[in-house]
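Pasted below: my_file-v2.txt, compact mmCIF, C-alpha atoms.
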```
# COMPACT_ATOMS: atom_id res chain seq x y z
CA MET A 1 7.59 2.66 -11.20
CA THR A 2 6.14 5.22 -8.77
CA GLN A 3 3.91 3.69 -6.18
CA LYS A 4 0.78 5.26 -4.78
CA LEU A 5 -1.15 4.43 -1.63
CA PHE A 6 -4.69 3.07 -1.85
CA SER A 7 -6.02 3.33 1.70
CA ALA A 8 -8.81 1.26 3.27
CA THR A 9 -11.06 4.30 2.83
CA ASP A 10 -10.12 4.64 -0.85
CA ILE A 11 -10.94 0.97 -1.42
CA ALA A 12 -14.26 1.17 0.47
CA GLN A 13 -15.31 4.08 -1.75
CA LEU A 14 -14.67 2.32 -5.06
CA ASP A 15 -17.55 1.27 -7.28
CA ASP A 16 -18.57 -2.34 -6.43
CA ARG A 17 -17.47 -3.94 -9.72
CA TYR A 18 -14.23 -1.98 -9.84
CA ARG A 19 -13.45 -2.96 -6.24
CA ALA A 20 -14.26 -6.62 -6.91
CA SER A 21 -11.85 -6.63 -9.84
CA PHE A 22 -9.16 -4.71 -7.94
CA VAL A 23 -9.23 -6.75 -4.74
CA ASN A 24 -9.52 -10.06 -6.64
CA SER A 25 -6.22 -9.21 -8.36
CA LEU A 26 -4.28 -8.60 -5.16
CA SER A 27 -3.68 -12.16 -3.98
CA GLY A 28 -1.58 -12.99 -7.06
CA PHE A 29 -2.04 -15.82 -9.55
CA LYS A 30 -4.80 -18.27 -8.76
CA SER A 31 -5.62 -21.84 -9.69
CA ALA A 32 -8.15 -22.55 -12.45
CA ASN A 33 -10.34 -25.53 -11.68
CA LEU A 34 -13.71 -26.87 -12.73
CA ILE A 35 -15.84 -28.31 -9.93
CA GLY A 36 -18.00 -31.26 -11.00
CA THR A 37 -21.03 -32.21 -8.94
CA THR A 38 -24.36 -33.97 -9.30
CA ASN A 39 -27.45 -34.46 -7.15
CA THR A 40 -29.88 -37.27 -6.32
CA THR A 41 -31.72 -36.67 -9.61
CA GLN A 42 -28.44 -36.95 -11.57
CA GLN A 43 -28.55 -33.31 -12.64
CA ASN A 44 -24.87 -32.63 -13.31
CA ASN A 45 -23.32 -29.26 -12.55
CA LEU A 46 -20.00 -27.73 -13.55
CA ALA A 47 -18.55 -24.47 -12.20
CA ILE A 48 -15.21 -22.74 -12.61
CA VAL A 49 -13.56 -21.62 -9.39
CA SER A 50 -10.27 -19.85 -8.80
CA SER A 51 -10.27 -20.37 -5.04
CA VAL A 52 -9.10 -23.98 -4.69
CA PHE A 53 -6.07 -24.22 -2.41
CA HIS A 54 -3.78 -26.84 -0.89
CA LEU A 55 -4.63 -27.46 2.75
CA GLY A 56 -2.42 -30.39 3.67
CA ALA A 57 -0.76 -33.52 2.30
CA HIS A 58 -1.37 -36.08 5.06
CA PRO A 59 -4.31 -36.45 5.17
CA PRO A 60 -4.56 -35.04 1.63
CA LEU A 61 -6.90 -32.05 2.00
CA MET A 62 -7.99 -29.29 -0.33
CA GLY A 63 -10.02 -26.18 0.46
CA MET A 64 -12.12 -23.87 -1.63
CA ILE A 65 -14.25 -20.81 -1.03
CA SER A 66 -17.85 -20.60 -2.19
CA ARG A 67 -18.96 -17.01 -2.70
CA PRO A 68 -22.63 -16.16 -3.18
CA HIS A 69 -21.95 -13.74 -6.01
CA VAL A 70 -19.25 -15.66 -7.81
CA THR A 71 -19.62 -19.40 -7.40
CA ARG A 72 -22.95 -20.91 -8.32
CA ARG A 73 -24.65 -22.10 -5.17
CA ASP A 74 -25.85 -25.22 -7.05
CA THR A 75 -22.31 -26.49 -6.55
CA LEU A 76 -22.44 -26.01 -2.78
CA GLU A 77 -25.91 -27.55 -2.53
CA ASN A 78 -24.87 -30.59 -4.56
CA ILE A 79 -21.75 -31.06 -2.42
CA LEU A 80 -23.88 -30.94 0.72
CA GLU A 81 -26.42 -33.33 -0.82
CA LEU A 82 -24.08 -36.09 -1.99
CA GLY A 83 -20.93 -35.35 0.00
CA VAL A 84 -18.62 -35.59 -3.01
CA PHE A 85 -17.20 -33.38 -5.74
CA THR A 86 -14.46 -33.37 -8.35
CA ILE A 87 -11.71 -30.82 -9.03
CA ASN A 88 -10.49 -30.77 -12.64
CA HIS A 89 -7.60 -28.65 -13.95
CA VAL A 90 -8.43 -26.16 -16.69
CA HIS A 91 -6.07 -26.32 -19.66
CA LYS A 92 -5.20 -23.87 -22.39
CA ASP A 93 -7.40 -25.56 -25.03
CA PHE A 94 -10.66 -25.04 -23.11
CA THR A 95 -10.38 -21.77 -21.18
CA ALA A 96 -13.37 -20.25 -23.04
CA GLN A 97 -15.64 -23.22 -22.21
CA ALA A 98 -14.39 -23.22 -18.60
CA HIS A 99 -15.09 -19.49 -18.20
CA GLN A 100 -18.55 -19.90 -19.76
CA THR A 101 -19.59 -22.20 -16.87
CA SER A 102 -19.72 -19.06 -14.71
CA GLY A 103 -22.89 -17.96 -16.55
CA ARG A 104 -26.04 -18.14 -14.44
CA TYR A 105 -27.61 -21.17 -16.03
CA VAL A 106 -30.93 -22.35 -14.58
CA GLN A 107 -30.71 -25.37 -12.33
CA ASP A 108 -31.98 -27.96 -14.82
CA ILE A 109 -29.32 -27.10 -17.39
CA SER A 110 -26.04 -29.02 -17.14
CA GLU A 111 -23.15 -26.64 -17.72
CA PHE A 112 -21.29 -29.61 -19.22
CA ASP A 113 -23.83 -29.65 -22.09
CA ALA A 114 -24.17 -25.87 -22.27
CA VAL A 115 -20.46 -25.23 -22.76
CA GLY A 116 -19.44 -28.44 -24.55
CA LEU A 117 -17.41 -30.35 -21.98
CA THR A 118 -17.92 -34.04 -21.24
CA PRO A 119 -18.98 -35.53 -17.89
CA GLU A 120 -17.07 -38.71 -17.10
CA PHE A 121 -17.81 -41.13 -14.26
CA LEU A 122 -14.77 -43.17 -13.21
CA ASN A 123 -14.37 -46.12 -10.82
CA ASP A 124 -17.86 -45.74 -9.34
CA PHE A 125 -17.04 -42.30 -7.94
CA PRO A 126 -20.46 -40.60 -7.76
CA ALA A 127 -19.48 -37.09 -8.97
CA PRO A 128 -18.66 -36.33 -12.61
CA TYR A 129 -15.11 -35.59 -13.74
CA VAL A 130 -14.32 -33.46 -16.80
CA LYS A 131 -13.15 -35.88 -19.49
CA GLU A 132 -11.10 -33.17 -21.23
CA SER A 133 -9.03 -32.47 -18.10
CA GLN A 134 -5.58 -34.06 -17.71
CA ILE A 135 -5.61 -33.82 -13.90
CA LYS A 136 -8.81 -34.95 -12.16
CA ILE A 137 -9.33 -35.23 -8.44
CA GLY A 138 -12.25 -36.90 -6.65
CA LEU A 139 -12.92 -35.64 -3.12
CA LYS A 140 -15.26 -36.42 -0.27
CA LEU A 141 -16.63 -33.54 1.76
CA ILE A 142 -15.11 -33.29 5.23
CA ARG A 143 -17.10 -30.26 6.31
CA THR A 144 -18.18 -26.77 5.37
CA GLU A 145 -17.76 -23.72 7.48
CA THR A 146 -19.27 -20.27 7.08
CA ILE A 147 -16.81 -17.39 7.38
CA PRO A 148 -18.85 -14.95 9.47
CA GLU A 149 -17.02 -11.85 8.22
CA ASN A 150 -18.65 -12.09 4.79
CA ASN A 151 -20.79 -15.26 4.71
CA THR A 152 -18.53 -17.02 2.25
CA VAL A 153 -18.31 -20.76 2.82
CA LEU A 154 -15.07 -22.68 3.25
CA ILE A 155 -15.44 -26.18 1.80
CA ILE A 156 -12.88 -28.75 2.98
CA GLY A 157 -12.51 -31.96 0.99
CA GLN A 158 -10.29 -35.01 1.33
CA ILE A 159 -8.77 -36.57 -1.78
CA GLU A 160 -10.21 -39.98 -2.60
CA ALA A 161 -8.86 -40.44 -6.12
CA VAL A 162 -6.50 -38.76 -8.57
CA HIS A 163 -6.55 -39.53 -12.31
CA LEU A 164 -3.59 -38.41 -14.40
CA ASP A 165 -0.94 -39.65 -16.81
CA PRO A 166 1.92 -41.06 -14.69
CA SER A 167 4.42 -39.47 -17.08
CA LEU A 168 3.40 -36.09 -15.59
CA VAL A 169 4.72 -37.17 -12.17
CA LEU A 170 8.46 -36.57 -11.79
CA SER A 171 10.79 -38.58 -9.57
CA SER A 172 10.31 -36.27 -6.56
CA GLY A 173 6.53 -36.58 -6.69
CA PHE A 174 6.22 -33.13 -8.31
CA ILE A 175 3.50 -33.07 -10.97
CA ASP A 176 4.43 -31.09 -14.08
CA ILE A 177 1.16 -29.18 -14.39
CA GLU A 178 2.69 -26.86 -16.99
CA LYS A 179 3.34 -29.88 -19.24
CA ALA A 180 -0.30 -30.85 -18.69
CA GLY A 181 -1.29 -27.45 -20.07
CA THR A 182 -2.85 -26.22 -16.84
CA VAL A 183 -3.55 -22.48 -16.79
CA ALA A 184 -3.50 -19.81 -14.08
CA VAL A 185 -6.06 -17.07 -13.43
CA SER A 186 -5.83 -13.49 -12.22
CA GLY A 187 -8.75 -11.38 -11.11
CA LEU A 188 -12.17 -12.43 -12.31
CA ASP A 189 -11.51 -13.10 -15.96
CA SER A 190 -7.88 -13.33 -17.06
CA TYR A 191 -6.29 -16.66 -18.05
CA TYR A 192 -2.57 -17.35 -18.43
CA GLU A 193 -0.22 -19.99 -19.68
CA THR A 194 3.09 -20.36 -17.91
CA GLN A 195 6.80 -20.71 -18.56
CA ARG A 196 8.91 -22.21 -15.81
CA ILE A 197 11.64 -19.90 -14.52
CA GLN A 198 13.33 -22.26 -12.09
CA ARG A 199 12.91 -24.97 -9.49
CA TYR A 200 14.89 -24.49 -6.28
CA ALA A 201 16.21 -27.01 -3.77
CA TYR A 202 15.01 -27.05 -0.17
CA ALA A 203 16.49 -23.82 1.25
CA LYS A 204 19.12 -23.96 3.99
CA PRO A 205 20.58 -21.05 5.95
CA ASN A 206 24.18 -20.22 5.01
CA GLN A 207 23.92 -22.03 1.70
CA GLU A 208 23.34 -20.37 -1.64
CA THR A 209 19.97 -21.02 -3.24
CA LYS A 210 20.40 -24.01 -5.57
CA SER A 211 18.41 -24.89 -8.65
CA ILE A 212 17.17 -28.44 -9.11
CA SER A 213 15.68 -30.57 -11.83
CA ASP A 214 14.19 -34.01 -11.77
CA SER A 215 12.54 -36.16 -14.39
CA MET B 1 -2.17 -39.29 -22.59
CA THR B 2 -3.27 -42.41 -20.71
CA GLN B 3 -4.54 -41.69 -17.25
CA LYS B 4 -3.99 -43.86 -14.23
CA LEU B 5 -5.83 -43.93 -10.90
CA PHE B 6 -3.98 -42.97 -7.72
CA SER B 7 -6.34 -44.09 -4.94
CA ALA B 8 -6.53 -42.71 -1.39
CA THR B 9 -4.66 -45.85 -0.28
CA ASP B 10 -1.94 -45.34 -2.91
CA ILE B 11 -1.47 -41.74 -1.73
CA ALA B 12 -1.40 -42.70 1.97
CA GLN B 13 1.37 -45.22 1.24
CA LEU B 14 3.67 -42.75 -0.53
CA ASP B 15 6.91 -41.63 1.08
CA ASP B 16 6.27 -38.42 3.08
CA ARG B 17 8.35 -36.08 0.92
CA TYR B 18 7.05 -37.58 -2.31
CA ARG B 19 3.47 -37.26 -1.06
CA ALA B 20 4.02 -33.64 0.04
CA SER B 21 5.32 -32.78 -3.42
CA PHE B 22 2.56 -34.72 -5.21
CA VAL B 23 -0.39 -33.37 -3.22
CA ASN B 24 1.00 -29.80 -3.22
CA SER B 25 0.92 -29.89 -7.02
CA LEU B 26 -2.73 -30.90 -7.29
CA SER B 27 -4.46 -27.61 -6.54
CA GLY B 28 -2.96 -25.95 -9.63
CA PHE B 29 -0.94 -22.75 -9.86
CA LYS B 30 -0.52 -20.83 -6.63
CA SER B 31 0.27 -17.27 -5.63
CA ALA B 32 3.83 -16.33 -4.64
CA ASN B 33 3.94 -13.84 -1.80
CA LEU B 34 6.38 -12.71 0.85
CA ILE B 35 4.89 -12.13 4.29
CA GLY B 36 6.55 -9.30 6.22
CA THR B 37 6.18 -9.13 9.99
CA THR B 38 7.95 -7.75 13.01
CA ASN B 39 7.60 -8.05 16.78
CA THR B 40 7.80 -5.78 19.82
CA THR B 41 11.62 -5.92 19.72
CA GLN B 42 11.63 -4.83 16.04
CA GLN B 43 13.00 -8.18 14.91
CA ASN B 44 11.80 -8.30 11.29
CA ASN B 45 10.77 -11.54 9.65
CA LEU B 46 10.12 -12.44 6.02
CA ALA B 47 8.63 -15.71 4.77
CA ILE B 48 7.49 -16.91 1.37
CA VAL B 49 4.05 -18.47 1.27
CA SER B 50 2.09 -19.93 -1.62
CA SER B 51 -1.19 -20.18 0.27
CA VAL B 52 -2.50 -16.60 0.15
CA PHE B 53 -5.99 -16.49 -1.31
CA HIS B 54 -8.74 -13.97 -2.03
CA LEU B 55 -11.51 -14.20 0.55
CA GLY B 56 -13.75 -11.26 -0.31
CA ALA B 57 -13.80 -7.75 -1.75
CA HIS B 58 -16.15 -5.89 0.60
CA PRO B 59 -14.79 -5.88 3.24
CA PRO B 60 -11.47 -6.58 1.48
CA LEU B 61 -10.27 -9.85 3.06
CA MET B 62 -7.39 -12.20 2.32
CA GLY B 63 -6.70 -15.61 3.81
CA MET B 64 -3.57 -17.67 4.17
CA ILE B 65 -2.67 -21.03 5.65
CA SER B 66 0.17 -21.43 8.14
CA ARG B 67 1.57 -24.94 8.15
CA PRO B 68 3.89 -26.10 10.92
CA HIS B 69 6.26 -27.83 8.51
CA VAL B 70 6.25 -25.27 5.70
CA THR B 71 5.68 -21.74 6.95
CA ARG B 72 7.97 -20.50 9.67
CA ARG B 73 5.98 -20.15 12.88
CA ASP B 74 7.81 -16.87 13.61
CA THR B 75 5.46 -15.34 11.08
CA LEU B 76 2.35 -16.56 12.88
CA GLU B 77 3.70 -15.52 16.27
CA ASN B 78 4.55 -12.03 15.03
CA ILE B 79 1.11 -11.65 13.48
CA LEU B 80 -0.51 -12.65 16.77
CA GLU B 81 1.82 -10.31 18.69
CA LEU B 82 1.31 -7.11 16.68
CA GLY B 83 -1.91 -7.86 14.79
CA VAL B 84 -0.51 -6.76 11.42
CA PHE B 85 1.38 -8.20 8.45
CA THR B 86 2.24 -7.37 4.86
CA ILE B 87 1.74 -9.38 1.69
CA ASN B 88 4.22 -8.55 -1.08
CA HIS B 89 4.13 -10.01 -4.59
CA VAL B 90 7.19 -12.00 -5.70
CA HIS B 91 8.54 -10.97 -9.10
CA LYS B 92 10.71 -12.68 -11.65
CA ASP B 93 13.87 -10.80 -10.67
CA PHE B 94 13.94 -12.06 -7.07
CA THR B 95 12.52 -15.60 -7.04
CA ALA B 96 15.78 -17.03 -5.66
CA GLN B 97 15.87 -14.58 -2.73
CA ALA B 98 12.17 -15.17 -2.09
CA HIS B 99 12.62 -18.95 -2.04
CA GLN B 100 15.64 -18.64 0.25
CA THR B 101 13.42 -17.11 2.98
CA SER B 102 12.01 -20.63 3.49
CA GLY B 103 15.30 -21.70 5.11
CA ARG B 104 15.02 -22.31 8.84
CA TYR B 105 16.83 -19.22 10.05
CA VAL B 106 17.09 -18.76 13.80
CA GLN B 107 14.73 -16.24 15.30
CA ASP B 108 17.21 -13.38 15.71
CA ILE B 109 18.17 -13.38 12.04
CA SER B 110 16.10 -11.19 9.75
CA GLU B 111 15.43 -13.04 6.52
CA PHE B 112 15.42 -9.64 4.81
CA ASP B 113 19.14 -9.34 5.63
CA ALA B 114 19.92 -13.00 5.08
CA VAL B 115 18.55 -13.10 1.53
CA GLY B 116 19.20 -9.51 0.45
CA LEU B 117 15.75 -7.92 0.33
CA THR B 118 14.94 -4.51 1.86
CA PRO B 119 12.45 -3.85 4.65
CA GLU B 120 10.43 -0.71 4.03
CA PHE B 121 8.08 1.00 6.50
CA LEU B 122 5.41 3.12 4.80
CA ASN B 123 2.82 5.57 6.19
CA ASP B 124 3.36 4.48 9.79
CA PHE B 125 2.13 0.95 9.09
CA PRO B 126 3.91 -1.14 11.74
CA ALA B 127 4.87 -4.19 9.63
CA PRO B 128 7.65 -4.12 7.03
CA TYR B 129 6.92 -4.19 3.32
CA VAL B 130 9.39 -5.54 0.76
CA LYS B 131 10.84 -2.52 -1.03
CA GLU B 132 11.61 -4.58 -4.16
CA SER B 133 7.98 -5.62 -4.60
CA GLN B 134 5.71 -3.76 -7.04
CA ILE B 135 2.49 -4.77 -5.25
CA LYS B 136 2.48 -4.40 -1.46
CA ILE B 137 -0.48 -4.93 0.82
CA GLY B 138 -0.75 -4.01 4.50
CA LEU B 139 -3.27 -6.04 6.51
CA LYS B 140 -4.64 -6.10 10.02
CA LEU B 141 -5.35 -9.47 11.58
CA ILE B 142 -9.06 -10.23 11.86
CA ARG B 143 -8.62 -13.65 13.49
CA THR B 144 -6.86 -16.98 13.25
CA GLU B 145 -8.55 -20.32 13.29
CA THR B 146 -7.04 -23.75 13.69
CA ILE B 147 -8.21 -26.32 11.15
CA PRO B 148 -8.67 -29.36 13.41
CA GLU B 149 -8.16 -31.94 10.64
CA ASN B 150 -4.43 -31.19 10.44
CA ASN B 151 -3.65 -28.35 12.88
CA THR B 152 -2.89 -25.86 10.14
CA VAL B 153 -3.93 -22.31 10.97
CA LEU B 154 -6.14 -20.17 8.78
CA ILE B 155 -5.11 -16.51 9.09
CA ILE B 156 -7.72 -13.95 7.99
CA GLY B 157 -6.57 -10.38 7.36
CA GLN B 158 -8.33 -7.22 6.24
CA ILE B 159 -6.62 -4.90 3.76
CA GLU B 160 -5.59 -1.58 5.29
CA ALA B 161 -3.31 -0.27 2.56
CA VAL B 162 -2.19 -1.15 -0.96
CA HIS B 163 0.94 0.34 -2.55
CA LEU B 164 1.36 0.02 -6.31
CA ASP B 165 1.95 2.02 -9.46
CA PRO B 166 -1.47 3.30 -10.62
CA SER B 167 -0.48 2.52 -14.22
CA LEU B 168 -0.85 -1.19 -13.32
CA VAL B 169 -4.56 -0.67 -12.61
CA LEU B 170 -6.71 -0.89 -15.74
CA SER B 171 -10.02 0.90 -16.28
CA SER B 172 -12.09 -2.01 -14.92
CA GLY B 173 -10.12 -2.13 -11.67
CA PHE B 174 -8.17 -5.20 -12.85
CA ILE B 175 -4.52 -5.04 -11.81
CA ASP B 176 -2.08 -6.23 -14.48
CA ILE B 177 0.04 -8.40 -12.22
CA GLU B 178 1.78 -9.95 -15.22
CA LYS B 179 3.01 -6.50 -16.25
CA ALA B 180 4.27 -6.07 -12.67
CA GLY B 181 6.37 -9.23 -13.15
CA THR B 182 4.49 -11.25 -10.52
CA VAL B 183 5.25 -14.99 -10.67
CA ALA B 184 3.21 -18.12 -9.96
CA VAL B 185 4.25 -21.22 -8.01
CA SER B 186 3.54 -24.93 -8.34
CA GLY B 187 4.27 -27.56 -5.74
CA LEU B 188 6.93 -26.69 -3.17
CA ASP B 189 9.64 -25.21 -5.34
CA SER B 190 8.72 -24.35 -8.93
CA TYR B 191 8.38 -20.72 -10.08
CA TYR B 192 6.76 -19.53 -13.31
CA GLU B 193 6.35 -16.43 -15.39
CA THR B 194 3.10 -16.06 -17.31
CA GLN B 195 1.77 -15.14 -20.72
CA ARG B 196 -1.83 -13.99 -20.93
CA ILE B 197 -4.04 -16.18 -23.11
CA GLN B 198 -7.23 -14.16 -22.93
CA ARG B 199 -9.59 -12.11 -20.79
CA TYR B 200 -13.27 -12.99 -21.07
CA ALA B 201 -16.38 -10.89 -20.50
CA TYR B 202 -18.87 -11.72 -17.75
CA ALA B 203 -20.44 -14.96 -19.00
CA LYS B 204 -24.13 -15.08 -19.91
CA PRO B 205 -26.19 -18.15 -20.81
CA ASN B 206 -27.10 -18.35 -24.51
CA GLN B 207 -24.34 -15.94 -25.50
CA GLU B 208 -21.01 -16.93 -26.93
CA THR B 209 -18.01 -16.38 -24.71
CA LYS B 210 -16.59 -12.95 -25.56
CA SER B 211 -13.04 -11.70 -25.14
CA ILE B 212 -12.45 -8.32 -23.56
CA SER B 213 -9.63 -5.87 -23.14
CA ASP B 214 -9.32 -2.71 -21.14
CA SER B 215 -6.52 -0.26 -20.58
```
So that I can check it, write out the structure of this file as structure tokens.
Amino acid sequence: MTQKLFSATDIAQLDDRYRASFVNSLSGFKSANLIGTTNTTQQNNLAIVSSVFHLGAHPPLMGMISRPHVTRRDTLENILELGVFTINHVHKDFTAQAHQTSGRYVQDISEFDAVGLTPEFLNDFPAPYVKESQIKIGLKLIRTETIPENNTVLIIGQIEAVHLDPSLVLSSGFIDIEKAGTVAVSGLDSYYETQRIQRYAYAKPNQETKSISDS
Amino acid sequence: MTQKLFSATDIAQLDDRYRASFVNSLSGFKSANLIGTTNTTQQNNLAIVSSVFHLGAHPPLMGMISRPHVTRRDTLENILELGVFTINHVHKDFTAQAHQTSGRYVQDISEFDAVGLTPEFLNDFPAPYVKESQIKIGLKLIRTETIPENNTVLIIGQIEAVHLDPSLVLSSGFIDIEKAGTVAVSGLDSYYETQRIQRYAYAKPNQETKSISDS
């Protein structure tokens, strides 16, 4: 393939929607998660986000980015109000419903009802999980932080509970999210299933890269 | 599948390596990128990271997390020293070389040489790209910020240049990263190719979810 340069000036001059689609594609494949929240009047909310990321294992922390024009702000307000939220993997059999949660529903509509997914409250955790999801995570809010460069909000949560089938967890602790049917996202609207290429052992200098498997 | 609860206490009591693998899998699929840097003595460095994320389109910002125990600190030090870095997509044909960059090479070894990838300097940008990569991004450092909860470092960069084949960019601005051979990662060591399920139109309440395609 012949590569071409897109300069900062070229990118700044793109049409807004085109640029959003272009730049959103650059980071590579993204996670597909549904964020479940509620408020003091038990108005449930569900929103797809592709910005959840691993922040640390001990303590177990996850981050996500709330963008004014992409993520519904109801989610952020609910998280600030109750201090809890859930992260639920999106699987191949409900990508259309998951994507539909990004519609701008009015506040008193539950996206669970609007798109046909089921809120599930487990072990007295106060935010709703997605019953249809095979990997569900309950988190408490640690803090939010505004990124001054563009007024997006970084939300940091600590894992309080994980619900999944233990058969998905291999002997190393690795969770087989492909077996769970979890999908990946690219850009604003493209959903993918996966096919594992390889797992590799912890890399050491002066040793060839080794493949591993566990069960 | 029958789901089981893993509580915060259960997770805290896991063996360190098991917990790292378990928690790293929870966020879902991750991006696979090689970070190219150099320093004032032209000692090139290359490191795989799975924590690059989209932070905003206008200005075009990307974030990544530098973890003491996962990402080589040479990368962070070089970024602070020269104020620039590159993000290069990892493709199916060099996942083993990309993974091998995570070995703890001493500072005066270039991981480019050690693993067999080629540094490429383009348009006077001072950090090395990966020649073998189909999607290459040059960024200037905006700032770093330590996350006090676990001393990881959030690195925020602004896109200065993108190098790719224009035929990968569809009419909406969406970049077909699957066509480019870009892979996804899960956990610490598992690499995946993808198969698109569907692209969906911008979701609207009271309208059925529509599929789209562009070219």
Counting only C-alpha atoms, which residues in region 103-135 of chain B sit no more than 12 Å from region 209-214 of chain A? For each one, give the nearest pair of atoms and the distance in Å, sorted by chain then residue number, as a tab-separated table.
```
residue	atom	partner	partner_atom	distance
B:Gly103	CA	A:Thr209	CA	9.6
B:Ala114	CA	A:Thr209	CA	11.6
B:Val115	CA	A:Thr209	CA	9.4
```
Write a file of the selected residues as a compact mmCIF listing (two decimals), in the frame of the given file, keeping C-alpha atoms.
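Once written, selection-v6.txt looks like this:
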```
# COMPACT_ATOMS: atom_id res chain seq x y z
CA GLY B 103 15.30 -21.70 5.11
CA ALA B 114 19.92 -13.00 5.08
CA VAL B 115 18.55 -13.10 1.53
```
Extract, using only C-alpha atoms, all DNA, RNA and protein residues at most 10 Å from Val183 (chain B), discarding same-chain residues fewer than 2 positions from it, and format them as a list in words.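 My reading of the contact set: Gly28, Phe29, Thr194, Gln195, Arg196 and Ile197 of chain A; Phe29, Lys30, Ser31, Ala32, Asn33, His89, Val90, His91, Lys92, Asp93, Phe94, Thr95, Ile177, Glu178, Ala180, Gly181, Val185, Tyr191, Tyr192, Glu193 and Thr194 of chain B.
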Given only C-alpha atoms as the counted atoms, nearest of A:Thr101, A:Ser172, A:Thr182, A:Asn206 to Gln134 (chain A): A:Thr182
Residue nearest Leu154 (chain B) among A:Pro126, A:Gly36, A:Gly63, A:Gly83 (counting all atoms listed in the file): A:Gly63
Could you pull the residues within 12 Å of Pro148 (chain B), counting all atoms listed in the file, minus those fewer than 4 positions along the same chain, as a compact mmCIF listing (two decimals) with C-alpha atoms, keeping the file's coordinate frame?
```txt
# COMPACT_ATOMS: atom_id res chain seq x y z
CA LEU A 55 -4.63 -27.46 2.75
CA GLY A 56 -2.42 -30.39 3.67
CA PRO A 59 -4.31 -36.45 5.17
CA LEU A 61 -6.90 -32.05 2.00
CA ILE A 142 -15.11 -33.29 5.23
CA ARG A 143 -17.10 -30.26 6.31
CA ILE A 156 -12.88 -28.75 2.98
CA THR B 152 -2.89 -25.86 10.14
CA VAL B 153 -3.93 -22.31 10.97
CA LEU B 154 -6.14 -20.17 8.78
```
Please, which residues of chain A lie no more than 6 Å from chain B when the count uses only C-alpha atoms, and can they be set out as an mmCIF file with C-alpha atoms, keeping the file's coordinate frame?
```
data_model
loop_
_atom_site.group_PDB
_atom_site.id
_atom_site.type_symbol
_atom_site.label_atom_id
_atom_site.label_comp_id
_atom_site.auth_asym_id
_atom_site.auth_seq_id
_atom_site.Cartn_x
_atom_site.Cartn_y
_atom_site.Cartn_z
ATOM 1 C CA MET A 1 7.590 2.660 -11.200
ATOM 2 C CA THR A 2 6.140 5.220 -8.770
ATOM 3 C CA GLN A 3 3.910 3.690 -6.180
ATOM 4 C CA LYS A 4 0.780 5.260 -4.780
ATOM 5 C CA LEU A 5 -1.150 4.430 -1.630
ATOM 6 C CA PHE A 6 -4.690 3.070 -1.850
ATOM 7 C CA SER A 7 -6.020 3.330 1.700
ATOM 8 C CA ALA A 8 -8.810 1.260 3.270
ATOM 9 C CA TYR A 18 -14.230 -1.980 -9.840
ATOM 10 C CA ALA A 20 -14.260 -6.620 -6.910
ATOM 11 C CA SER A 21 -11.850 -6.630 -9.840
ATOM 12 C CA PHE A 22 -9.160 -4.710 -7.940
ATOM 13 C CA VAL A 23 -9.230 -6.750 -4.740
ATOM 14 C CA SER A 25 -6.220 -9.210 -8.360
ATOM 15 C CA SER A 27 -3.680 -12.160 -3.980
ATOM 16 C CA GLY A 28 -1.580 -12.990 -7.060
ATOM 17 C CA PHE A 29 -2.040 -15.820 -9.550
ATOM 18 C CA LYS A 30 -4.800 -18.270 -8.760
ATOM 19 C CA SER A 31 -5.620 -21.840 -9.690
ATOM 20 C CA PHE A 53 -6.070 -24.220 -2.410
ATOM 21 C CA HIS A 54 -3.780 -26.840 -0.890
ATOM 22 C CA ALA A 57 -0.760 -33.520 2.300
ATOM 23 C CA GLN A 100 -18.550 -19.900 -19.760
ATOM 24 C CA SER A 102 -19.720 -19.060 -14.710
ATOM 25 C CA GLY A 103 -22.890 -17.960 -16.550
ATOM 26 C CA TYR A 105 -27.610 -21.170 -16.030
ATOM 27 C CA GLU A 160 -10.210 -39.980 -2.600
ATOM 28 C CA ALA A 161 -8.860 -40.440 -6.120
ATOM 29 C CA VAL A 162 -6.500 -38.760 -8.570
ATOM 30 C CA HIS A 163 -6.550 -39.530 -12.310
ATOM 31 C CA LEU A 164 -3.590 -38.410 -14.400
ATOM 32 C CA ASP A 165 -0.940 -39.650 -16.810
ATOM 33 C CA SER A 172 10.310 -36.270 -6.560
ATOM 34 C CA GLY A 173 6.530 -36.580 -6.690
ATOM 35 C CA PHE A 174 6.220 -33.130 -8.310
ATOM 36 C CA ILE A 175 3.500 -33.070 -10.970
ATOM 37 C CA ALA A 184 -3.500 -19.810 -14.080
ATOM 38 C CA ASP A 189 -11.510 -13.100 -15.960
ATOM 39 C CA SER A 190 -7.880 -13.330 -17.060
ATOM 40 C CA TYR A 191 -6.290 -16.660 -18.050
ATOM 41 C CA TYR A 192 -2.570 -17.350 -18.430
ATOM 42 C CA GLU A 193 -0.220 -19.990 -19.680
ATOM 43 C CA THR A 194 3.090 -20.360 -17.910
ATOM 44 C CA GLN A 195 6.800 -20.710 -18.560
ATOM 45 C CA ARG A 196 8.910 -22.210 -15.810
ATOM 46 C CA ILE A 197 11.640 -19.900 -14.520
ATOM 47 C CA GLN A 198 13.330 -22.260 -12.090
ATOM 48 C CA ARG A 199 12.910 -24.970 -9.490
ATOM 49 C CA TYR A 200 14.890 -24.490 -6.280
ATOM 50 C CA ALA A 203 16.490 -23.820 1.250
ATOM 51 C CA LYS A 204 19.120 -23.960 3.990
ATOM 52 C CA PRO A 205 20.580 -21.050 5.950
#
```
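For the pair CA of Glu132 (chain B) and CA of Asn45 (chain B), the separation is 15.5 Å.
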